[in-house]
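> Data: model_26.txt, compact mmCIF, C-alpha atoms.
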# COMPACT_ATOMS: atom_id res chain seq x y z
CA MET A 1 180.66 170.53 -227.85
CA ASN A 2 180.20 170.58 -231.59
CA GLN A 3 176.75 169.78 -232.95
CA LYS A 4 175.67 168.26 -236.23
CA SER A 5 172.22 168.03 -237.65
CA PHE A 6 170.95 166.30 -240.72
CA GLY A 7 167.85 168.10 -241.93
CA GLY A 8 166.15 167.77 -238.56
CA ASP A 9 166.19 163.97 -238.89
CA CYS A 10 168.86 163.49 -236.19
CA ALA A 11 169.92 165.41 -233.13
CA ARG A 12 173.11 165.55 -231.10
CA ILE A 13 172.41 163.89 -227.77
CA GLY A 14 175.74 164.29 -226.00
CA SER A 15 177.37 161.28 -227.57
CA LYS A 16 178.87 159.84 -230.71
CA TYR A 17 175.45 158.48 -231.62
CA ALA A 18 172.15 160.05 -232.48
CA ARG A 19 168.80 158.36 -232.82
CA SER A 20 166.92 159.03 -236.06
CA THR A 21 163.16 159.33 -236.27
CA LYS A 22 163.14 155.73 -237.50
CA ASP A 23 164.92 154.69 -234.29
CA ARG A 24 168.17 153.71 -236.05
CA LEU A 25 171.50 154.57 -234.55
CA LEU A 26 173.68 156.66 -236.79
CA LYS A 27 177.34 157.04 -236.00
CA LEU A 28 178.43 160.67 -236.11
CA SER A 29 181.96 161.78 -236.52
CA ILE A 30 183.06 164.10 -233.77
CA LEU A 31 185.95 166.45 -233.41
CA ILE A 32 188.30 165.86 -230.51
CA SER A 33 188.06 168.80 -228.19
CA PRO A 34 190.98 170.05 -226.12
CA LEU A 35 189.08 168.96 -222.97
CA LEU A 36 189.25 165.34 -224.07
CA LEU A 37 193.01 165.57 -224.38
CA SER A 38 193.27 166.17 -220.63
CA LEU A 39 191.42 163.02 -219.52
CA PRO A 40 193.23 160.90 -216.96
CA ALA A 41 195.17 157.90 -218.22
CA GLY A 42 192.80 155.01 -218.79
CA ALA A 43 189.70 157.21 -218.76
CA GLN A 44 187.23 157.32 -221.61
CA ASP A 45 185.13 160.14 -222.97
CA ALA A 46 181.75 159.80 -221.28
CA SER A 47 180.01 160.31 -224.59
CA GLN A 48 180.94 156.74 -225.43
CA THR A 49 178.35 155.49 -222.93
CA THR A 50 175.47 157.85 -223.67
CA VAL A 51 172.63 156.62 -225.84
CA GLY A 52 169.38 158.52 -225.66
CA SER A 53 169.00 160.20 -222.34
CA ASN A 54 170.10 157.39 -220.01
CA ILE A 55 173.72 157.07 -219.00
CA ALA A 56 175.12 153.70 -217.98
CA VAL A 57 178.65 153.22 -216.70
CA ASP A 58 179.11 149.45 -216.75
CA SER A 59 182.88 149.22 -216.24
CA GLY A 60 186.04 151.27 -215.99
CA LEU A 61 186.34 155.00 -215.40
CA LYS A 62 184.21 157.52 -217.30
CA VAL A 63 184.63 161.29 -217.01
CA PHE A 64 181.56 163.47 -217.54
CA TYR A 65 181.49 167.25 -217.82
CA ALA A 66 178.44 168.68 -216.02
CA SER A 67 177.45 170.69 -219.09
CA ASP A 68 177.16 167.45 -221.09
CA LEU A 69 174.71 165.96 -218.59
CA LYS A 70 172.06 168.68 -218.84
CA SER A 71 169.77 166.55 -221.04
CA ALA A 72 170.46 163.20 -219.34
CA ALA A 73 167.51 161.46 -217.72
CA SER A 74 169.33 159.04 -215.44
CA LEU A 75 172.73 157.86 -214.30
CA ASN A 76 173.38 154.16 -213.55
CA VAL A 77 176.81 153.10 -212.28
CA ALA A 78 177.50 149.37 -211.95
CA ALA A 79 179.53 147.74 -209.18
CA GLY A 80 183.24 148.15 -209.94
CA ALA A 81 182.64 151.09 -212.33
CA THR A 82 183.48 154.74 -211.65
CA ALA A 83 181.81 157.91 -212.91
CA VAL A 84 183.66 161.20 -212.40
CA ILE A 85 181.54 164.32 -212.80
CA ASP A 86 183.58 167.46 -213.44
CA VAL A 87 181.61 170.48 -212.21
CA SER A 88 184.35 173.01 -213.01
CA GLY A 89 181.92 175.01 -215.16
CA GLY A 90 179.64 175.60 -212.16
CA GLN A 91 176.53 174.00 -213.66
CA ALA A 92 174.03 172.22 -211.44
CA ILE A 93 173.14 168.70 -212.61
CA ASN A 94 169.47 167.74 -212.50
CA PHE A 95 168.56 164.31 -213.81
CA SER A 96 164.89 163.99 -214.75
CA GLY A 97 165.06 160.33 -213.64
CA ASN A 98 167.04 158.46 -211.01
CA ILE A 99 170.64 158.05 -209.95
CA ASN A 100 171.29 154.38 -209.23
CA ASN A 101 174.83 153.78 -207.95
CA ALA A 102 176.45 150.46 -207.06
CA GLY A 103 179.96 151.64 -208.01
CA SER A 104 181.63 155.01 -207.39
CA ILE A 105 180.51 158.51 -208.33
CA TYR A 106 182.96 161.32 -207.64
CA ALA A 107 182.16 165.01 -208.10
CA VAL A 108 185.32 167.02 -208.82
CA SER A 109 186.37 170.52 -209.85
CA THR A 110 189.57 172.16 -211.05
CA ASN A 111 188.02 175.63 -210.80
CA HIS A 112 188.74 177.28 -207.45
CA GLY A 113 185.70 179.51 -208.06
CA VAL A 114 183.40 176.48 -207.96
CA THR A 115 183.08 175.34 -204.36
CA ALA A 116 180.05 173.03 -204.57
CA ALA A 117 178.71 170.22 -206.72
CA ASN A 118 174.91 170.41 -206.95
CA ILE A 119 173.38 167.12 -208.08
CA GLY A 120 169.66 166.40 -208.23
CA ALA A 121 167.39 163.59 -209.43
CA GLN A 122 163.93 162.12 -208.89
CA ASN A 123 165.47 159.53 -206.55
CA ILE A 124 169.07 158.90 -205.50
CA PHE A 125 169.87 155.26 -204.74
CA ASN A 126 173.37 154.69 -203.36
CA ASN A 127 173.43 150.90 -203.04
CA ALA A 128 175.55 148.70 -200.74
CA GLY A 129 179.20 149.18 -201.71
CA GLY A 130 178.38 152.39 -203.60
CA ILE A 131 180.39 155.57 -203.04
CA LEU A 132 178.93 159.01 -203.76
CA SER A 133 181.51 161.61 -202.84
CA SER A 134 183.46 164.77 -203.54
CA VAL A 135 186.50 163.23 -201.84
CA ALA A 136 188.68 162.21 -204.77
CA PRO A 137 190.69 159.02 -204.19
CA THR A 138 194.48 159.14 -204.44
CA THR A 139 194.45 157.36 -207.80
CA LEU A 140 192.26 160.12 -209.24
CA LEU A 141 194.34 162.87 -207.63
CA ASN A 142 197.46 161.35 -209.22
CA THR A 143 195.93 161.51 -212.71
CA MET A 144 194.07 164.83 -212.26
CA PRO A 145 196.48 166.81 -210.05
CA ASN A 146 194.67 170.18 -210.31
CA LEU A 147 191.54 169.09 -208.43
CA ILE A 148 190.46 171.38 -205.61
CA GLY A 149 190.53 169.70 -202.21
CA ASN A 150 187.41 171.16 -200.61
CA LEU A 151 184.31 170.70 -202.77
CA SER A 152 180.94 170.71 -201.02
CA LEU A 153 178.40 168.12 -202.16
CA ASN A 154 174.72 169.09 -202.32
CA LEU A 155 172.34 166.24 -203.16
CA SER A 156 168.65 166.80 -203.78
CA ALA A 157 165.90 164.35 -204.69
CA VAL A 158 162.33 165.12 -205.64
CA ASN A 159 161.32 161.92 -203.84
CA ASN A 160 163.88 159.87 -201.89
CA ILE A 161 167.56 159.53 -201.09
CA ILE A 162 168.29 155.93 -200.11
CA ASN A 163 171.84 155.24 -198.89
CA ALA A 164 173.21 151.78 -198.17
CA GLY A 165 176.74 152.71 -199.25
CA THR A 166 178.95 155.70 -198.42
CA ILE A 167 178.09 159.35 -199.02
CA SER A 168 180.87 161.81 -198.16
CA SER A 169 182.18 165.26 -198.97
CA SER A 170 185.55 166.98 -198.81
CA ALA A 171 183.74 170.09 -197.47
CA ASN A 172 180.06 170.52 -196.56
CA LEU A 173 177.47 167.84 -197.26
CA ALA A 174 173.80 168.72 -197.73
CA MET A 175 170.96 166.36 -198.65
CA THR A 176 167.34 167.26 -199.26
CA ALA A 177 164.47 165.02 -200.35
CA GLY A 178 160.79 165.67 -200.96
CA ASP A 179 159.74 162.43 -199.25
CA SER A 180 162.49 160.76 -197.21
CA ILE A 181 166.17 160.24 -196.60
CA VAL A 182 166.88 156.66 -195.55
CA ASN A 183 170.37 155.80 -194.38
CA SER A 184 171.87 152.44 -193.55
CA GLY A 185 175.43 153.32 -194.57
CA PRO A 186 178.04 155.86 -193.46
CA ILE A 187 177.52 159.54 -194.23
Once you've parsed the file, please lay out its structure as structure tokens.


Amino acid sequence: MNQKSFGGDCARIGSKYARSTKDRLLKLSILISPLLLSLPAGAQDASQTTVGSNIAVDSGLKVFYASDLKSAASLNVAAGATAVIDVSGGQAINFSGNINNAGSIYAVSTNHGVTAANIGAQNIFNNAGGILSSVAPTTLLNTMPNLIGNLSLNLSAVNNIINAGTISSSANLAMTAGDSIVNSGPI
């Protein structure tokens, strides 16, 4: 993605906004990249929801490219909202904070050379009704027809993985946690 800087006073933080040293939000103009032209109908550029290092998906469908999440601290997806993480570039995603999901998080790839989505965080909370999966729903397959059908999902947490929703994979599923994995939902 293109970066702009203003004498060291602002920094690109993966969004249309940057926080100045005086904690004011400054709107930056961005160039539309060819990747954004291929978003599914009704989807929005994920950079519209990123302020600072926390990402919140409150409604609708947001598409994130794994490379854009490398400096994100946390991911919060509200009930009824969907986050799609495109791992086609092969990058592992490691949030320095937590993943808190009450909606849907789908890991996808259009690159046949990328066979696994590697997602890590301090804690992964998949709440009741939450879906964390590499199994793309039909509606997503209809709008992104080049998705590979067998993407392994590897989840790792420094502390805990707590699942009260659904965790699934279109290929292999692996979960590791430094403390515990607690499951009260389907895996």

> Measuring atom to atom with only C-alpha atoms, identify which of A:Gly60, A:Gly90, A:Gly120, A:Pro145 is nearest to A:Ser104.

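Under the stated criterion, the closest residue is A:Gly60.
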
> Considering only C-alpha atoms, can you say which of A:Ile148, A:Ala78, A:Ala174, A:Ile124 comes closest to A:Ala107?

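For A:Ala107, the nearest of the candidates is A:Ile148.
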
> So what do you get for atom CA of A:Ala56 versus atom CA of A:Asn111, distance-wise?

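About the pair atom CA of A:Ala56 and atom CA of A:Asn111: they are 26.4 Å apart.
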
> Given only C-alpha atoms as the basis, pick out the residue of A:Ala177, A:Ala164, A:Ala116, A:Ile131 nearest to A:Ser152.

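The closest residue to A:Ser152 is A:Ala116.
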
> Given only C-alpha atoms as the basis, pick out the residue of A:Gly97, A:Pro137, A:Gly149, A:Pro186 nearest to A:His112.

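Ranked by minimum distance to A:His112, first place goes to A:Gly149.
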
> Could you give me, as an NGL selection string, the residues that sit within 9 Å of (160.3, 157.3, -197.9) in the file's coordinates, counting all atoms listed in the file?

:A and (159-162 or 178-182)

> Go through A:Leu141, A:Ile99, A:Leu61, A:Val87 and flag the residue nearest A:Asn118, using all atoms listed in the file for the distances.

A:Val87

> Smallest atom-to-atom distance to A:Gly80: which of A:Ile55, A:Gly130, A:Thr110, A:Phe125, using only C-alpha atoms?

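Ranking A:Ile55, A:Gly130, A:Thr110, A:Phe125 by distance to A:Gly80, first place goes to A:Gly130.
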
> Just how far from atom CA of A:Val108 is atom CA of A:Leu153, in Å to one decimal?

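For atom CA of A:Leu153 relative to atom CA of A:Val108, the distance reads 9.7 Å.
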